[in-house]
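One structure is given here, and the rest of the page talks about it.
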Number of protein chains: 2
Amino acid sequence: MDKTLIYECNVTERFKQLNRIFSPEKIAIVGVSQEGFSFGRAILLSHLSIGYEGKLYPVNKRGGTIEGITIYKSIEEIPENIDFGIIAIPAPEVPAAVESCLKKGAAGVEILSSGFRETGTEEGILLEEELKKISKKGIRILGPNCFGIYCPRSGQTLLPGPELSREPGGVAFLSQSGGHSVDFALIGKWRGVRFSKVVSFGNGCDLRETEMLYYLKYDPETKVICMYIEGVQDGPEFLEAVKTVTKEKPVLIIKGGLSDSGNRAAASHTASLAGKRQIWEAVFKQSKAIQIDSIPQMVDAALAFTMLPLKEYRGCTIIGGGGALGIAAADAAEEYGLTIPPLSNELQASIMKILPKPGSSATNPIDVANPFVPPKILKEILLYASNDENIDVHLLVFLIYHYMAQKKVMGATSLHSFIPIEELAEVCKEVVENIGKPVILVMPNYRQEKDAMELEEIVRKARELFLKYGIPVYDDVRNALKAVSLVSRYAYYNRS
Amino acid sequence: MDKTLIYECNVTERFKQLNRIFSPEKIAIVGVSQEGFSFGRAILLSHLSIGYEGKLYPVNKRGGTIEGITIYKSIEEIPENIDFGIIAIPAPEVPAAVESCLKKGAAGVEILSSGFRETGTEEGILLEEELKKISKKGIRILGPNCFGIYCPRSGQTLLPGPELSREPGGVAFLSQSGGHSVDFALIGKWRGVRFSKVVSFGNGCDLRETEMLYYLKYDPETKVICMYIEGVQDGPEFLEAVKTVTKEKPVLIIKGGLSDSGNRAAASHTASLAGKRQIWEAVFKQSKAIQIDSIPQMVDAALAFTMLPLKEYRGCTIIGGGGALGIAAADAAEEYGLTIPPLSNELQASIMKILPKPGSSATNPIDVANPFVPPKILKEILLYASNDENIDVHLLVFLIYHYMAQKKVMGATSLHSFIPIEELAEVCKEVVENIGKPVILVMPNYRQEKDAMELEEIVRKARELFLKYGIPVYDDVRNALKAVSLVSRYAYYNRS
């Protein structure tokens, strides 16, 4: 029987169990030291800090208390059944703990401990085989050698993840790397990406990429599926899964270990055979998954895939103060298969009338000749430019750090008085609502000195405001254009 | 006679005049309004703010005073001869002002005003022709349509450039774009790049790319020449100049306007014929100049070209906490022609002895399994790894933002107590001094929230410390590897 069908057929039963794993009301955390640093203690404190509302049962053979919570001396001593176990004890003790969690009714466990197949030792390999056997008895295992689950809705969090956002969103992330899962969740938080489920599955002895892909296909919370893959267990099965899922939802994949030295490192990291570059190129081509280079690029892409309509984009406006800025954007656009087409003569004439002179240009790139134009002028520019049928999206490049010099030269007391960010954000929101062509804000901030606090505050505030109004915000025009091009590629792939 | 020879032969005479332009003791600023915003007022205040030590003579037909300085009603009224003029008045009035500066003995002027050839109008083109004629009488003209000169040694600064660094350094920048000149100078300041001369030459009616290249070849202050070029006036002459100069100093070039829409935008920006992509590919190939994509990448490259020995690099170590981090670095390294070779078995064994366990790896990438290792362990790792003959450079990846979670989980009061940045910087410095293999710090910081001030302060402090010790600091491992590969390419090109 086709394995893909097995996954699809067993949807109801399997998914109920997975749903329970992503909404546990009672979690045992095994390996919680009363003091000092340990993975168990860190993950418990992370769950307390993020505000997980269910019951936490710390376990440690030495007993004691932590933050006023009793530490049980064994899993068996926990006074009621549990939904989920988090295991952070030395590898040789892990199988017994998983068995105990199973007896306590847990739907699954995440094993943070390392020391399994990734070590390449016989002992490690045997221990992992043992885990596989236990999982067959009806408990699902995430890991070992992983950072666990982050689920804003349930309050589950990664190791360490005390400060991740509780606001749920449409981005799922399946990651063979714990570090990447924390990085994506953290950077995403700061950049406006909100998550449904982030799953670090490490060695993936049981739950891993292919099955989770099918699960996320049906997960109503998940709109975009991001993955970090070092190696897959069954290539054809994985390819089939990606092919199936991309028809429903975008799948963005970072494939780690494509180089010789990366491949070698992947073997010792998660015991993965990373596979040849050519094979993976074929996988991307056939599956229509979107290949992503790095976590920062994944953040950029996730922002675009959740905030922009999933359609084809070609013509962009670039609106900003500076000639070279527009030229750089135009060059980058072409690299990514986008264009900065000249506006119609009529529209150029209308825009030229309202631009400051001299030094401005209405051709597109639209050079507003100053670091900014007043909100009502910006609105008119956006409305005129939207009338051009060749324009699909507007990029507003806002070199906010130039105001520092302006302020100094003009002897102004407050930077904020220069920059009407509230009005600018409102204007952009109105245009998007009225015209339906998206606006993207590009707001580089390279300031890193002591005296840049005021600027950083404005950049932060502007970012929050624009994001609140549904306008994605980027640090760099190249990154923004690249992200738009990826959304466009997905739409092109899925043309009906 | 070969034009190249003309430049080379006239070195002494021409260069004396240019030297005077870059060290003026008396500057007339023409078009300084007493109040409000004007280019003239902004450039005057910028010069005051940066602490230019020479004499400033503001000029405006309406007279008045500014910051206690008399505004002369005409250039002629200035009571003594001047070295340099800065002109910021409407285009039609500019030629007369340049003539007046010539009469006052100025070696040159920079014309900030726009409204010349870049407008495409007959009037603008004729005005620019007039400027060319005047320049033949013995005064050198920068611009029009430019942001002028930034020279930390002389205290000349750009429009606006009140807060640029006064610390001189080895990086020169010749830019057809004013915006790019300000951006490079600002971002460079924050990232540790120090400049000899930054020259925004706009339309370049007189002084422009080719002649300035020869000048910088002989400028003892300049070690690396960076350029932003939209179009050149004489292609073969420019190619010859770059070929000649790259033999002495690295020449890094951003070519703007390679795309169709970028090309079109360049025409209205600085009246440049940007030229076909294929032609420019040949220029880069033949001249051995290094092609750069964007200003942020130029900053990364300039940092490497001034802080690393200009030699060939191939083998890198990646030292950091995290498996995927190392894999990502390895994949990127291969993309840029670098490698992350496995260390010799013997060295691996020595390093493995001192690494925390489990989860670490000494193969290279060296996974230290935690966000950091204590300075003395880091030192040992660096010393051992330097013994491997395949290693040319060390990249230390320091995910400093992970400490925020650590701090929260551990209930520590200060972030600084976790991160011994002083000792880490000292250790790196010692290793570089003893072994001669450079160390590069990669320190991403994606934090952009309100509560990240403490982290930002540590990142800032760490950056300053490492830079002070001669260790370049990058935000991203890909950018660091790319910069190393560019230095390596230059050395390879110039192999004797």
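Residues in the structure tokens are named by chain (A, B, ... in the order shown) and by number from 1 within that chain; ligands are numbered from 1 in the order shown.
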
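If you take only C-alpha atoms and a cut-off of 6 Å, the residues of chain B that reach chain A are Ala42, Leu45, Ser177, Gly179, Ile187, Trp190, Gly257, Ser259, Ser261, Gly262, Ala265, His269, Gly322, Gly323, Ala324, Ile327, Ala330, Asp331, Ile340, Val409, Tyr446 and Gln448 of chain B.
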
*asked:* Neighbouring residues of segment 65-81 of chain B were defined as those with any atom within 10 Å, considering only C-alpha atoms; residues of the same chain fewer than 5 positions away were excluded. Please report them as a PyMOL selection string.
replied: chain B and resi 26-35+41+44-45+48+56-60+97-106

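Listed by chain and then by rising number, the residues of segment 204-304 of chain A that DSSP assigns to strand (DSSP E or B) from the backbone are Val224, Ile225, Cys226, Met227, Tyr228, Ile229, Val251, Leu252, Ile253, Ile254, Lys255, Ile290, Gln291 and Ile292 of chain A.
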
Report task. Within 12 Å of Ser485 of chain A, counting only C-alpha atoms, which residues show up once you throw out same-chain ones fewer than 3 positions away? Write them as number ranges by chain, please. Result -> A: 290, 300-301, 304-305, 308, 310-316, 332-339, 392-393, 478-482, 488-492

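Nearest-residue note for Ile134 of chain A: choosing from A:Cys205, A:Ile87, A:Val242, A:Val171, the minimum distance belongs to A:Cys205, counting only C-alpha atoms.
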